[in-house]
Structures are given as C-alpha cells and as structure tokens.
Number of protein chains: 2
Amino acid sequence: MTKRRILVMLRSMYLARVYVTLKPTVNDPQGLTIRGGLHALGFADVASVRAGKYMEIRVDAGDRAAAEAQVDEMCRKLLANPVIEDFRFDLEEAPVTA
Amino acid sequence: MTKRRILVMLRSMYLARVYVTLKPTVNDPQGLTIRGGLHALGFADVASVRAGKYMEIRVDAGDRAAAEAQVDEMCRKLLANPVIEDFRFDLEEAPVTA
C-alpha cells in the first residue's frame, strides 16, 4: 500500500500545447476562405491566413522526457498527418487538479 | 510618386499567431474523440484533450499597435465565437517577402 502511494506521487501531470500546421507548400483552402471573410469585413490589409490546429493535452508521466516522448509519438501517429502537416509542441508541468 | 513610395516604406508586415480555444466550461466533443483515439492507440496516460484552432495571419500595418488593434477586432468579429470561445494572439514583425 505504501509502495503504491509512493509510485503515484512520483508521477506528474504535464500540459502539452500542440500546434499542427500545413506545410508551407500545401494549399490551404480554409485559410483562403478566412482571408476572404476578413476582406469582406473590411480588413483589406490582411495579406495571408494559414489555418491550423491547436490542442491542449494533459498527460500523466514519470518525468518531462517521458511526457515529451509520448506527445511526440501521439503527433506522429494520430494528431498530425506527416505527409502534409508539420507539428510542434511545448510542455509544462501542470497541477494535477486542473 | 516619391510621396507614395515613402508611405509604402513606412508600413510593415506583422505575423499574428492566433489561438482560439473553447471556454473551460464548454463541452468539447472533438477533444473527447481525440482522447478516445489516443487511448485506443495505447496512450492510456492521456488525461484530457481540448481541441482548438490556430491561425497565422499576415497583416500589413503602420505600427505594432495598429496591427494589434486590427487582429483583436478580427478575432472579435470573425475568428472566435465570443459566446463559447476565448482567443489570444502574439504578434511579431515579419519579413514582407515571406
């Protein structure tokens, strides 16, 4: 019982902020549509819009390196399409309660 | 002609990175689905996922304050739904050619 509690205390919650963007050479119809909408609203100075995805992921891990490895693998396997998208993320230790 | 050229040179291109997230109290079925997918792939330590939007907007403006005011107004009018979403953005001066 004591051993189990110690194991729980050694783990931390990490918050990963993941940014997925289309590669620069890939067409972005969603971004073009947003730009069109902004122009129609009078924002004539908008030169370009690129649309992407943003995710906040809470992951329970033993340490920062383990959390980073997990999030990297998640991005490669599910969150981003490596053929047309790039991803990056940052990681911070988060309170478990939040 | 000279006057026109001076006007052009006084303007700069700014890159705004806009993050739109659901307010914390709003249900996020997309995030729940992503979490389900991650669990199915074996990432059992994922506690929660919140999905959001990310946009990179290039805007031509006289100075940083003008660019900031414009992007703020764009977010309020089109990019975010103020009823259920929050937004934030950061701004950097960008090369005009990019």
# chains A, B, ... in the order shown; residues from 1 in each chain; ligands from 1
>>> interface_residues(of="chain B", to="chain A", cutoff="10 Å", atoms="only C-alpha atoms", output="ChimeraX atom specification")
/B:13-21,31,34-35,37-38,41-61,67,70-71,73-75,77-79,96
>>> select_by_dssp(residues="range 42-84 of chain B", states="helix (DSSP H, G or I)", output="PyMOL selection string")
chain B and resi 64-79
>>> atom_distance(atom1="CA of Asp63 in chain A", atom2="CA of Arg11 in chain A")
7.0 Å
>>> select_by_dssp(residues="chain A", states="strand (DSSP E)", output="PyMOL selection string")
chain A and resi 12-22+46-61+85-94
>>> atom_distance(atom1="CA of Arg76 in chain B", atom2="CA of Leu22 in chain A")
24.5 Å
>>> atom_distance(atom1="CA of Val26 in chain A", atom2="CA of Ala69 in chain B")
29.6 Å
>>> decode(residues="range 79-96 of chain B", atoms="N, CA and C atoms", output="PDB file, in the first residue's frame")
ATOM      1  N   LEU B  79     -13.045  35.473 -36.105  1.00  0.00           N
ATOM      2  CA  LEU B  79     -12.229  34.273 -35.865  1.00  0.00           C
ATOM      3  C   LEU B  79     -12.674  33.470 -34.651  1.00  0.00           C
ATOM      4  N   ALA B  80     -13.214  34.144 -33.645  1.00  0.00           N
ATOM      5  CA  ALA B  80     -13.661  33.427 -32.449  1.00  0.00           C
ATOM      6  C   ALA B  80     -15.134  33.738 -32.199  1.00  0.00           C
ATOM      7  N   ASN B  81     -15.813  32.792 -31.618  1.00  0.00           N
ATOM      8  CA  ASN B  81     -17.196  32.998 -31.189  1.00  0.00           C
ATOM      9  C   ASN B  81     -17.161  33.382 -29.711  1.00  0.00           C
ATOM     10  N   PRO B  82     -17.396  34.659 -29.398  1.00  0.00           N
ATOM     11  CA  PRO B  82     -17.196  35.118 -28.019  1.00  0.00           C
ATOM     12  C   PRO B  82     -18.117  34.443 -27.001  1.00  0.00           C
ATOM     13  N   VAL B  83     -19.170  33.806 -27.479  1.00  0.00           N
ATOM     14  CA  VAL B  83     -20.086  33.141 -26.544  1.00  0.00           C
ATOM     15  C   VAL B  83     -19.432  31.900 -25.937  1.00  0.00           C
ATOM     16  N   ILE B  84     -18.729  31.145 -26.761  1.00  0.00           N
ATOM     17  CA  ILE B  84     -18.180  29.872 -26.266  1.00  0.00           C
ATOM     18  C   ILE B  84     -16.658  29.781 -26.359  1.00  0.00           C
ATOM     19  N   GLU B  85     -16.018  30.774 -26.969  1.00  0.00           N
ATOM     20  CA  GLU B  85     -14.574  30.645 -27.194  1.00  0.00           C
ATOM     21  C   GLU B  85     -13.788  31.816 -26.604  1.00  0.00           C
ATOM     22  N   ASP B  86     -12.557  31.513 -26.216  1.00  0.00           N
ATOM     23  CA  ASP B  86     -11.587  32.542 -25.852  1.00  0.00           C
ATOM     24  C   ASP B  86     -10.550  32.630 -26.969  1.00  0.00           C
ATOM     25  N   PHE B  87      -9.893  33.768 -27.052  1.00  0.00           N
ATOM     26  CA  PHE B  87      -8.786  33.843 -28.001  1.00  0.00           C
ATOM     27  C   PHE B  87      -7.630  34.589 -27.370  1.00  0.00           C
ATOM     28  N   ARG B  88      -6.444  34.309 -27.895  1.00  0.00           N
ATOM     29  CA  ARG B  88      -5.272  35.113 -27.566  1.00  0.00           C
ATOM     30  C   ARG B  88      -4.386  35.096 -28.791  1.00  0.00           C
ATOM     31  N   PHE B  89      -3.485  36.051 -28.881  1.00  0.00           N
ATOM     32  CA  PHE B  89      -2.572  36.052 -30.030  1.00  0.00           C
ATOM     33  C   PHE B  89      -1.276  36.722 -29.646  1.00  0.00           C
ATOM     34  N   ASP B  90      -0.226  36.351 -30.350  1.00  0.00           N
ATOM     35  CA  ASP B  90       1.007  37.126 -30.236  1.00  0.00           C
ATOM     36  C   ASP B  90       1.384  37.611 -31.624  1.00  0.00           C
ATOM     37  N   LEU B  91       2.236  38.614 -31.618  1.00  0.00           N
ATOM     38  CA  LEU B  91       2.485  39.382 -32.832  1.00  0.00           C
ATOM     39  C   LEU B  91       3.982  39.548 -32.991  1.00  0.00           C
ATOM     40  N   GLU B  92       4.465  39.334 -34.206  1.00  0.00           N
ATOM     41  CA  GLU B  92       5.882  39.645 -34.434  1.00  0.00           C
ATOM     42  C   GLU B  92       6.027  40.293 -35.799  1.00  0.00           C
ATOM     43  N   GLU B  93       7.043  41.131 -35.918  1.00  0.00           N
ATOM     44  CA  GLU B  93       7.289  41.754 -37.208  1.00  0.00           C
ATOM     45  C   GLU B  93       7.846  40.690 -38.138  1.00  0.00           C
ATOM     46  N   ALA B  94       7.335  40.622 -39.338  1.00  0.00           N
ATOM     47  CA  ALA B  94       7.716  39.550 -40.261  1.00  0.00           C
ATOM     48  C   ALA B  94       8.302  40.161 -41.525  1.00  0.00           C
ATOM     49  N   PRO B  95       9.218  39.460 -42.160  1.00  0.00           N
ATOM     50  CA  PRO B  95       9.722  39.964 -43.434  1.00  0.00           C
ATOM     51  C   PRO B  95       8.603  40.006 -44.468  1.00  0.00           C
ATOM     52  N   VAL B  96       8.555  41.061 -45.247  1.00  0.00           N
ATOM     53  CA  VAL B  96       7.466  41.263 -46.213  1.00  0.00           C
ATOM     54  C   VAL B  96       7.471  40.179 -47.277  1.00  0.00           C
TER      55      VAL B  96
END
